[in-house]
Structures are given as structure tokens and as C-alpha cells.
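Raw input-v9.txt, compact mmCIF, C-alpha atoms:
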```txt
# COMPACT_ATOMS: atom_id res chain seq x y z
CA MET A 16 26.02 -9.99 -22.70
CA LYS A 17 25.50 -12.57 -19.96
CA ALA A 18 22.51 -12.02 -17.70
CA ILE A 19 20.27 -13.80 -15.21
CA GLN A 20 16.50 -13.31 -15.47
CA ILE A 21 13.17 -14.54 -14.15
CA GLN A 22 9.96 -14.90 -16.14
CA LYS A 23 7.60 -15.60 -13.24
CA ALA A 24 7.59 -15.87 -9.47
CA GLY A 25 9.20 -19.00 -8.15
CA PRO A 26 11.99 -20.64 -6.13
CA ALA A 27 15.69 -19.92 -6.55
CA GLU A 28 15.80 -22.45 -9.37
CA SER A 29 13.59 -20.14 -11.45
CA LEU A 30 16.62 -17.90 -12.06
CA GLU A 31 17.55 -18.37 -15.73
CA TYR A 32 20.94 -17.85 -17.34
CA THR A 33 20.58 -16.10 -20.67
CA THR A 34 22.11 -13.56 -23.04
CA LYS A 35 20.81 -10.04 -23.67
CA ASP A 36 21.79 -7.07 -25.76
CA THR A 37 24.23 -4.79 -24.00
CA PRO A 38 22.32 -1.73 -22.71
CA ILE A 39 22.42 1.48 -24.75
CA ILE A 40 23.02 4.35 -22.37
CA ASN A 41 21.29 7.73 -22.24
CA ASP A 42 23.15 11.05 -22.09
CA ASP A 43 23.11 11.10 -18.28
CA GLU A 44 24.17 7.47 -17.86
CA ILE A 45 27.30 5.38 -17.73
CA LEU A 46 27.83 1.78 -18.82
CA ILE A 47 29.45 -0.40 -16.17
CA LYS A 48 31.15 -3.74 -16.76
CA SER A 49 30.31 -5.68 -13.61
CA ILE A 50 33.01 -6.98 -11.31
CA ALA A 51 30.89 -7.82 -8.26
CA ILE A 52 27.31 -7.42 -7.09
CA SER A 53 25.62 -7.82 -3.73
CA ILE A 54 22.54 -9.95 -3.16
CA ASN A 55 19.86 -8.40 -0.96
CA PRO A 56 16.73 -9.81 0.69
CA ILE A 57 14.57 -7.66 -1.61
CA ASP A 58 16.02 -9.55 -4.60
CA VAL A 59 14.92 -12.84 -3.09
CA LYS A 60 11.50 -11.50 -2.12
CA THR A 61 10.95 -10.09 -5.61
CA ARG A 62 11.95 -13.36 -7.24
CA ALA A 63 9.53 -15.20 -4.97
CA GLY A 64 6.67 -12.91 -5.98
CA ASN A 65 6.41 -9.80 -3.83
CA THR A 66 4.21 -6.87 -4.85
CA LEU A 67 6.93 -5.29 -6.99
CA LEU A 68 7.27 -8.28 -9.33
CA PRO A 69 4.04 -7.88 -11.37
CA LYS A 70 4.99 -4.29 -12.14
CA LEU A 71 8.41 -5.39 -13.39
CA LEU A 72 7.10 -8.40 -15.34
CA ALA A 73 4.72 -6.12 -17.26
CA TYR A 74 7.75 -5.17 -19.36
CA GLY A 75 8.96 -8.73 -19.96
CA PRO A 76 11.47 -11.03 -18.23
CA VAL A 77 13.07 -9.37 -15.22
CA ILE A 78 16.76 -8.94 -14.51
CA LEU A 79 17.03 -8.48 -10.75
CA GLY A 80 19.61 -6.58 -8.74
CA ARG A 81 20.45 -3.12 -7.40
CA ASP A 82 24.04 -3.24 -6.12
CA VAL A 83 27.05 -3.16 -8.40
CA CYS A 84 30.75 -2.42 -8.48
CA GLY A 85 32.47 -2.33 -11.83
CA THR A 86 34.49 -0.50 -14.43
CA ILE A 87 33.04 2.28 -16.59
CA VAL A 88 33.29 1.34 -20.27
CA ASP A 89 31.13 4.10 -21.77
CA VAL A 90 29.99 7.56 -20.67
CA GLY A 91 26.97 9.60 -21.75
CA ARG A 92 27.71 12.98 -23.29
CA LYS A 93 26.20 14.93 -20.36
CA VAL A 94 28.14 13.04 -17.69
CA THR A 95 30.85 14.94 -15.87
CA GLY A 96 33.25 13.85 -13.15
CA LEU A 97 33.44 10.25 -14.32
CA LYS A 98 35.37 8.69 -17.19
CA LYS A 99 36.06 5.38 -18.90
CA GLY A 100 38.23 3.16 -16.73
CA ASP A 101 36.93 4.48 -13.40
CA VAL A 102 35.83 1.81 -10.94
CA VAL A 103 32.54 2.85 -9.34
CA PHE A 104 29.91 1.41 -7.01
CA GLY A 105 26.37 2.25 -6.08
CA VAL A 106 22.71 1.34 -5.79
CA ILE A 107 21.07 1.50 -9.21
CA SER A 108 17.47 2.70 -9.64
CA PHE A 109 16.17 1.64 -6.24
CA PRO A 110 13.47 0.48 -5.59
CA ASP A 111 12.41 -0.54 -9.12
CA GLY A 112 15.67 -2.30 -9.84
CA GLY A 113 18.91 -1.61 -11.64
CA LYS A 114 19.19 -4.91 -13.54
CA THR A 115 22.59 -5.64 -12.02
CA TYR A 116 22.43 -9.44 -12.46
CA ALA A 117 24.17 -8.85 -15.77
CA GLU A 118 27.59 -8.50 -17.34
CA TYR A 119 26.92 -4.84 -18.18
CA VAL A 120 24.79 -2.34 -16.24
CA ALA A 121 23.45 1.03 -17.39
CA ALA A 122 23.38 3.46 -14.48
CA VAL A 123 22.42 7.09 -14.04
CA ALA A 124 25.77 8.69 -13.27
CA ASN A 125 24.59 10.51 -10.15
CA GLN A 126 23.67 7.23 -8.46
CA VAL A 127 27.27 5.98 -8.16
CA THR A 128 30.59 7.14 -6.81
CA LEU A 129 34.23 6.13 -7.16
CA LYS A 130 35.36 3.03 -5.31
CA PRO A 131 37.86 3.83 -2.54
CA ASP A 132 41.29 2.36 -3.22
CA THR A 133 41.35 0.84 0.28
CA ILE A 134 38.64 -1.74 -0.45
CA THR A 135 38.05 -4.47 -3.01
CA PRO A 136 35.26 -4.42 -5.61
CA ALA A 137 33.50 -7.17 -3.64
CA GLN A 138 33.60 -5.04 -0.49
CA ALA A 139 32.30 -2.05 -2.44
CA ALA A 140 29.38 -4.07 -3.79
CA ALA A 141 28.64 -5.27 -0.25
CA ALA A 142 28.63 -1.65 0.96
CA SER A 143 25.93 -0.50 -1.43
CA LEU A 144 22.20 -0.94 -0.63
CA ALA A 145 22.70 -2.19 2.92
CA ALA A 146 25.13 0.57 3.85
CA LEU A 147 23.12 3.23 2.00
CA THR A 148 19.99 2.21 3.88
CA ALA A 149 21.79 2.38 7.22
CA LEU A 150 23.20 5.81 6.40
CA GLN A 151 19.93 7.29 5.18
CA VAL A 152 17.96 5.98 8.17
CA LEU A 153 20.48 7.35 10.68
CA GLN A 154 21.10 10.72 9.00
CA GLY A 155 19.31 13.47 10.88
CA ASN A 156 18.01 11.05 13.49
CA VAL A 157 21.08 10.13 15.52
CA LYS A 158 23.57 12.39 17.27
CA SER A 159 26.49 11.93 19.62
CA GLY A 160 25.42 10.62 23.00
CA ASP A 161 22.14 9.09 21.83
CA ARG A 162 21.24 5.62 23.01
CA VAL A 163 20.62 3.70 19.79
CA LEU A 164 19.07 0.24 19.58
CA VAL A 165 19.80 -1.72 16.39
CA HIS A 166 17.75 -4.88 15.82
CA ALA A 167 19.27 -7.69 13.73
CA ALA A 168 22.62 -6.04 14.29
CA SER A 169 24.58 -8.88 12.68
CA GLY A 170 22.70 -8.67 9.36
CA GLY A 171 23.50 -6.76 6.20
CA VAL A 172 21.88 -3.44 7.12
CA GLY A 173 22.33 -3.90 10.85
CA HIS A 174 26.08 -4.38 10.83
CA PHE A 175 26.51 -1.11 8.93
CA ALA A 176 24.05 0.69 11.22
CA VAL A 177 26.04 -0.29 14.30
CA GLN A 178 29.28 1.01 12.80
CA ILE A 179 27.86 4.28 11.49
CA ALA A 180 25.98 5.11 14.69
CA LYS A 181 29.07 4.34 16.77
CA HIS A 182 31.25 6.46 14.47
CA TRP A 183 28.87 9.36 15.04
CA GLY A 184 29.28 9.04 18.81
CA ALA A 185 26.14 7.15 19.78
CA TYR A 186 25.90 4.54 22.53
CA VAL A 187 24.90 1.48 20.52
CA ILE A 188 23.00 -1.59 21.68
CA GLY A 189 22.67 -4.43 19.17
CA THR A 190 20.37 -7.42 19.18
CA SER A 191 21.13 -10.77 17.59
CA SER A 192 21.38 -14.42 18.58
CA ALA A 193 24.02 -15.42 21.12
CA ASP A 194 26.04 -17.00 18.32
CA ASN A 195 26.69 -13.54 16.87
CA ARG A 196 27.36 -11.71 20.14
CA ASP A 197 31.12 -11.39 19.59
CA PHE A 198 30.57 -10.24 16.02
CA VAL A 199 28.18 -7.48 17.08
CA LEU A 200 30.45 -6.29 19.88
CA GLY A 201 33.37 -6.43 17.47
CA LEU A 202 31.56 -3.96 15.25
CA GLY A 203 31.74 -1.46 18.10
CA ALA A 204 28.42 -2.03 19.85
CA ASP A 205 28.53 -1.08 23.53
CA GLU A 206 26.04 -3.77 24.53
CA HIS A 207 24.58 -6.94 23.05
CA ILE A 208 21.12 -8.38 23.69
CA ASP A 209 20.35 -12.00 22.85
CA TYR A 210 16.81 -11.76 21.48
CA LYS A 211 16.24 -15.47 22.10
CA SER A 212 17.05 -15.60 25.82
CA GLN A 213 16.56 -12.00 27.00
CA LYS A 214 13.37 -10.00 27.24
CA LEU A 215 14.05 -6.62 25.64
CA GLU A 216 12.20 -4.70 28.35
CA ASP A 217 14.44 -6.27 31.01
CA ALA A 218 17.65 -5.78 29.06
CA THR A 219 17.51 -2.06 28.26
CA GLN A 220 15.59 1.20 28.65
CA ASP A 221 15.79 4.93 27.83
CA ILE A 222 16.41 4.44 24.10
CA ASP A 223 16.54 7.56 21.91
CA PHE A 224 16.41 5.82 18.53
CA VAL A 225 15.42 2.35 17.35
CA PHE A 226 16.58 0.94 14.03
CA ASP A 227 14.12 -1.89 13.41
CA ASN A 228 15.12 -4.50 10.83
CA ILE A 229 12.53 -7.07 11.94
CA GLY A 230 9.06 -5.56 12.33
CA GLY A 231 5.99 -7.18 13.86
CA GLU A 232 6.18 -7.82 17.59
CA THR A 233 9.66 -6.31 17.68
CA ILE A 234 8.02 -2.91 17.21
CA ASN A 235 5.81 -3.45 20.26
CA HIS A 236 8.71 -4.48 22.47
CA SER A 237 10.85 -1.61 21.20
CA LEU A 238 8.24 1.00 22.08
CA ASN A 239 8.33 -0.22 25.68
CA VAL A 240 12.01 0.69 26.07
CA MET A 241 12.01 4.10 24.36
CA LYS A 242 12.01 7.61 25.85
CA PRO A 243 9.04 9.89 25.22
CA GLY A 244 9.70 11.79 22.00
CA ALA A 245 12.15 9.15 20.76
CA THR A 246 12.10 7.83 17.18
CA ILE A 247 11.68 4.37 15.70
CA ILE A 248 12.19 3.65 12.01
CA SER A 249 11.01 0.24 10.81
CA LEU A 250 12.19 -1.26 7.53
CA PRO A 251 10.52 -4.62 6.79
CA THR A 252 7.65 -3.95 4.37
CA GLY A 253 4.57 -5.93 5.31
CA LYS A 254 5.56 -6.09 8.97
CA ASN A 255 5.61 -2.41 9.85
CA GLU A 256 2.39 -0.80 8.59
CA GLU A 257 1.18 0.16 12.05
CA VAL A 258 4.46 1.53 13.41
CA ALA A 259 3.38 5.20 13.18
CA HIS A 260 0.07 4.61 14.96
CA LYS A 261 1.58 2.37 17.63
CA ALA A 262 4.35 4.88 18.32
CA GLU A 263 1.99 7.85 18.47
CA THR A 264 -0.06 6.24 21.23
CA LYS A 265 3.09 6.21 23.39
CA GLY A 266 4.30 9.70 22.55
CA ILE A 267 6.97 8.38 20.22
CA ARG A 268 7.66 9.14 16.56
CA GLY A 269 7.37 6.11 14.26
CA PHE A 270 8.15 5.87 10.56
CA THR A 271 8.55 3.41 7.73
CA PHE A 272 11.36 4.08 5.28
CA GLN A 273 12.28 3.80 1.60
CA THR A 274 15.92 3.93 0.57
CA LYS A 275 16.74 6.19 -2.40
CA SER A 276 19.58 5.79 -4.89
CA ASP A 277 21.87 8.76 -4.29
CA GLY A 278 25.44 9.28 -5.45
CA LYS A 279 26.08 12.00 -2.86
CA ASP A 280 25.23 9.63 -0.06
CA MET A 281 27.38 6.96 -1.74
CA LYS A 282 30.26 9.47 -1.59
CA ILE A 283 29.70 9.81 2.17
CA LEU A 284 29.91 6.03 2.42
CA ALA A 285 33.02 5.99 0.23
CA ASP A 286 34.71 8.42 2.61
CA LEU A 287 33.75 6.28 5.62
CA LEU A 288 35.08 3.20 3.85
CA GLN A 289 38.26 4.98 2.79
CA SER A 290 39.01 6.02 6.36
CA GLY A 291 38.16 2.61 7.81
CA ALA A 292 35.33 4.04 9.93
CA ILE A 293 33.07 1.31 8.50
CA LYS A 294 34.04 -2.08 7.15
CA PRO A 295 31.77 -4.44 5.20
CA TYR A 296 31.68 -8.03 6.38
CA ILE A 297 31.21 -10.59 3.61
CA SER A 298 30.21 -13.98 4.98
CA HIS A 299 29.63 -15.70 1.62
CA THR A 300 31.11 -15.13 -1.83
CA PHE A 301 29.66 -16.89 -4.88
CA THR A 302 30.55 -16.86 -8.56
CA TYR A 303 28.18 -15.72 -11.30
CA ASN A 304 27.31 -19.37 -11.98
CA GLU A 305 26.27 -19.89 -8.35
CA MET A 306 23.42 -17.38 -8.18
CA VAL A 307 20.89 -20.02 -7.10
CA ALA A 308 23.09 -20.88 -4.11
CA ALA A 309 23.43 -17.18 -3.29
CA HIS A 310 19.65 -16.78 -3.17
CA LYS A 311 19.27 -19.88 -1.03
CA GLN A 312 21.78 -18.48 1.44
CA ILE A 313 19.73 -15.30 1.81
CA GLU A 314 16.60 -17.42 2.28
CA THR A 315 18.10 -18.97 5.42
CA SER A 316 17.55 -15.59 7.17
CA ARG A 317 20.73 -16.39 9.08
CA THR A 318 23.28 -14.55 6.98
CA VAL A 319 25.86 -12.60 8.95
CA GLY A 320 26.87 -9.47 7.06
CA LYS A 321 26.60 -9.65 3.30
CA VAL A 322 26.43 -12.09 0.36
CA VAL A 323 28.41 -11.14 -2.75
CA VAL A 324 28.49 -12.57 -6.29
CA VAL A 325 31.69 -12.05 -8.28
CA PHE A 326 31.59 -11.73 -12.06
CA GLN A 327 35.32 -11.39 -12.68
CA PRO A 328 38.40 -12.76 -10.93
```
Now that the file is in, can you turn its structure into C-alpha cells?
Amino acid sequence: MKAIQIQKAGPAESLEYTTKDTPIINDDEILIKSIAISINPIDVKTRAGNTLLPKLLAYGPVILGRDVCGTIVDVGRKVTGLKKGDVVFGVISFPDGGKTYAEYVAAVANQVTLKPDTITPAQAAAASLAALTALQVLQGNVKSGDRVLVHAASGGVGHFAVQIAKHWGAYVIGTSSADNRDFVLGLGADEHIDYKSQKLEDATQDIDFVFDNIGGETINHSLNVMKPGATIISLPTGKNEEVAHKAETKGIRGFTFQTKSDGKDMKILADLLQSGAIKPYISHTFTYNEMVAAHKQIETSRTVGKVVVVFQP
């Protein structure tokens, strides 16, 4: 099968096109023929040499990727509820990696769900890791009427977080550059804050929940606008280690977070997608042969919504 691998840390050009044996599935797995995958910042960071890469390289060349939408072509004997020909999507084996930069992907069956018929395979791929992260962060932390602050609201995770929180009845405030103001408000946000020209402490107060997609100084500023007993969850690894301690000193709850592959949560997302409650925004679509360009787009740190790579027409 076709696949894209890396053999050492390096720039986007270190991605290598190759051929591999098609995976042999276990009894609890399915074999997916890829239609579309989504490219995430963690893919780019891993390729460049983050702390996960040495662990993965210990087993040989690494096929990156977690998100996939495709057609089931084989089913393990213990799998129920799915069959050959079903089109499914999901986040495969996060965080270690599901090897989705490939023509065929082996996936544990309970990590995927059926693609809604109201969206395309590309949209389903886009609504995998980013949407799952947004859902899992917000679940149990946000309720109707809460004032929710979403940082980097125009990004992959952020644009799903805005939509989900709003669907659940929260009052949502999103930060981004002024260029993306209309996009963020179009997602349903009640207010927009331009992080370049507005001081957060002057722009808002009395926040119940902060969804931090930036880390670093953004944590400090966020704590200054939160209610006592409020919650902040910070995602960016390497920029959020002190969030719990910083929050505690102000009487606020602070946490880091690790997304988990979960087919039940993917089904919740599928239902939200089916009803139109959330809609993925794809700003860039590349073909399988344009993976280097896809990685370079993510490296700009200016991507609105999601980047998708399509394997099949």
C-alpha cells in the first residue's frame, strides 16, 4: 500500500513516500481504506522532533497521523455493529498515533463511528481529533448560561469549541486576530476579542470556563478574568505545565488535558454533525501527493479551521 513515513526528525521535506505491507488486523479491529485524513499540529510537532518521536522511532520508520475517514474493507471476527462497506471516521490510537498517512489503516473498532450522510468524508476527517478534543474538554465542565472564553477560536480545536459550547447554551467569547473576527462570530460566538489590540483584562470579566489553546502568558491573563472557583483547561504541551499551580493561587481550578480515542464520543460528534449543530470548516485541501505543503500550512500557525488531505476523488 501507499504510505508516507519519516525516519528521523526534520523539516516537512523529510516526509518520504513509500510502500508498505497492508496491515493485518486483530480480532477487535477493522481495516479502513482511506478517503481523507486531517492534518493536526501534533503531526507537525512529532515530525519536527517532539518528545513522542523517539518512542515511535524505536520501532522503525514512523507513519504519522491520527484522523481518518474511509471505507471498511475487512472486519475482525469479534467486531460487531460495523461491516464491510461502511464509511467510518475517528481518531485512531491517540496519542501514540494511528498511522493514518497511509492507503489502509488498521483501527480498533470502538475508536470509530459511522460517518453521517449529511457530511463529506473530508468534513468527517476534519471533525476528528480537533472536534473530539473540544468535546472532551467541554464535557462536564460547561453548562447552559456559563460564560466561556475560547482562545484561538478560529483554529482547528477552537472553532469546534465555540460551536459546541454555544450549542449547549453557554455565552461564548472567542479570541483571535481581527482578520478572523467575522469568522468567529459566524460560528456563534457572542463576543470577539482581538488578542493583538485588546487587553484581555479590559475586554471581559466573570468567566466561568476558559478553553486555552495557546498556553504561556495567555494562562496568566486568563486567570485575571475568571470567577473564583472557575475552571481553566490548557492544551498546549510545553506551555502549560504550571497551569494548576497558577490557578490554585487564585482560587481557580486549572488542568492540562489529554484527548482519548473514543468511539462513543465520536458518535456524539456524529449526531451533532448530522443535525448541523456543528460544522467543520476546511480552509485548505491537499492531495496525497501534497503532504509536504499540508505540513507547511500548519507550520504557519495561521490556519483557520482545518487542513485536510484527500486520498481518493
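Among the candidates A:Ile297, A:Val240, A:Val225, A:Ala27, the one nearest to Lys60 in chain A when counting only C-alpha atoms is A:Ala27.
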Quick one: residues within 10 Å of Gln273 in chain A, only C-alpha atoms, excluding same-chain residues fewer than 6 positions away - as number ranges by chain? A: 109-110, 148, 151-152, 249-250, 252
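Distances to Asp43 in chain A were evaluated for A:Lys23, A:Arg62, A:Lys99, A:Arg92 using all atoms listed in the file, and the minimum falls at A:Arg92.
CA of Leu200 in chain A is found 13.4 Å from CA of His166 in chain A.
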Using all atoms listed in the file, what does the table of range 44-154 of chain A residues within 10 Å of range 313-316 of chain A look like, with each row giving the shortest atom pair and its distance in Å to one decimal, sorted by chain and ascending number, as JSON lines?
```
{"residue": "A:Ile54", "atom": "CA", "partner": "A:Ile313", "partner_atom": "CA", "distance": 7.8}
{"residue": "A:Asn55", "atom": "CA", "partner": "A:Ile313", "partner_atom": "CA", "distance": 7.4}
{"residue": "A:Pro56", "atom": "CA", "partner": "A:Ile313", "partner_atom": "CA", "distance": 6.4}
{"residue": "A:Ile57", "atom": "CA", "partner": "A:Ile313", "partner_atom": "CA", "distance": 9.8}
{"residue": "A:Asp58", "atom": "CA", "partner": "A:Ile313", "partner_atom": "CA", "distance": 9.4}
{"residue": "A:Val59", "atom": "CA", "partner": "A:Glu314", "partner_atom": "CA", "distance": 7.3}
{"residue": "A:Lys60", "atom": "CA", "partner": "A:Glu314", "partner_atom": "CA", "distance": 9.0}
```
My list of candidates is A:Thr128, A:Ile229, A:Glu118, A:Thr61. Which is closest to Gly25 in chain A when distances are computed with only C-alpha atoms?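 Among A:Thr128, A:Ile229, A:Glu118, A:Thr61, it is A:Thr61 that comes nearest to Gly25 in chain A.
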Considering all atoms listed in the file, can you say which of A:Leu147, A:Val83, A:Ile78, A:Ile19 comes closest to Lys48 in chain A?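 Using all atoms listed in the file, Lys48 in chain A sits closest to A:Val83.
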Under the rule that only C-alpha atoms are counted, which of A:Thr34, A:Thr115, A:Gln289, A:Ser49 is the nearest residue to Leu129 in chain A? A:Gln289
Contacts of Asp209 in chain A within 8 Å, all atoms listed in the file, excl. fewer than 5 positions in-chain, as a VMD selection string: chain A and resid 190 to 193 196
Go ahead and compute the interatomic distance for CA of Thr274 in chain A and CA of Leu150 in chain A, in Å to one decimal.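 Here the two named atoms are 9.5 Å from each other.
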I'd like the contact shell of Ser290 in chain A - 12 Å cut-off, all atoms listed in the file, skipping same-chain residues fewer than 5 positions apart - returned as a ChimeraX atom specification. /A:131-134,182,283-285
Find the residues near Gly160 in chain A: any atom within 12 Å, counting all atoms listed in the file, skip ones fewer than 6 places away on the same chain, and give them as a PyMOL selection string. chain A and resi 180-187+222-224
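For the pair CA of Lys17 in chain A and CA of Glu31 in chain A, the interatomic distance is 10.7 Å.
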Which protein, DNA or RNA residues are at most 9 Å from (13.5, -2.3, -7.7) in the file's coordinates when you count all atoms listed in the file, listed as a PyMOL selection string? chain A and resi 57-58+61+67-68+71+79-81+107-114
I'd like to know which of A:Ala309, A:Leu144, A:Ile45, A:Cys84 is closest to Gly96 in chain A, using all atoms listed in the file.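 Looking at the shortest contact to Gly96 in chain A, the residue is A:Ile45.
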Would you compute the box with edges along x, y and z of the file around range 100-114 of chain A, including every atom the file lists for it and 6 Å extra on each side, and give its centre and edge lengths in Å to one decimal, as AutoDock Vina command-line options?
```
--center_x 25.3 --center_y -0.2 --center_z -11.2 --size_x 37.8 --size_y 21.4 --size_z 23.1
```
Any idea what's packed within 10 Å of range 226-228 of chain A, counting all atoms listed in the file, ignoring anything in its chain fewer than 2 positions away? Could you give it as a PyMOL selection string? chain A and resi 149+152-153+163-168+170-173+176-177+189+224+230-231+233-234+237+246-252+254-255+271
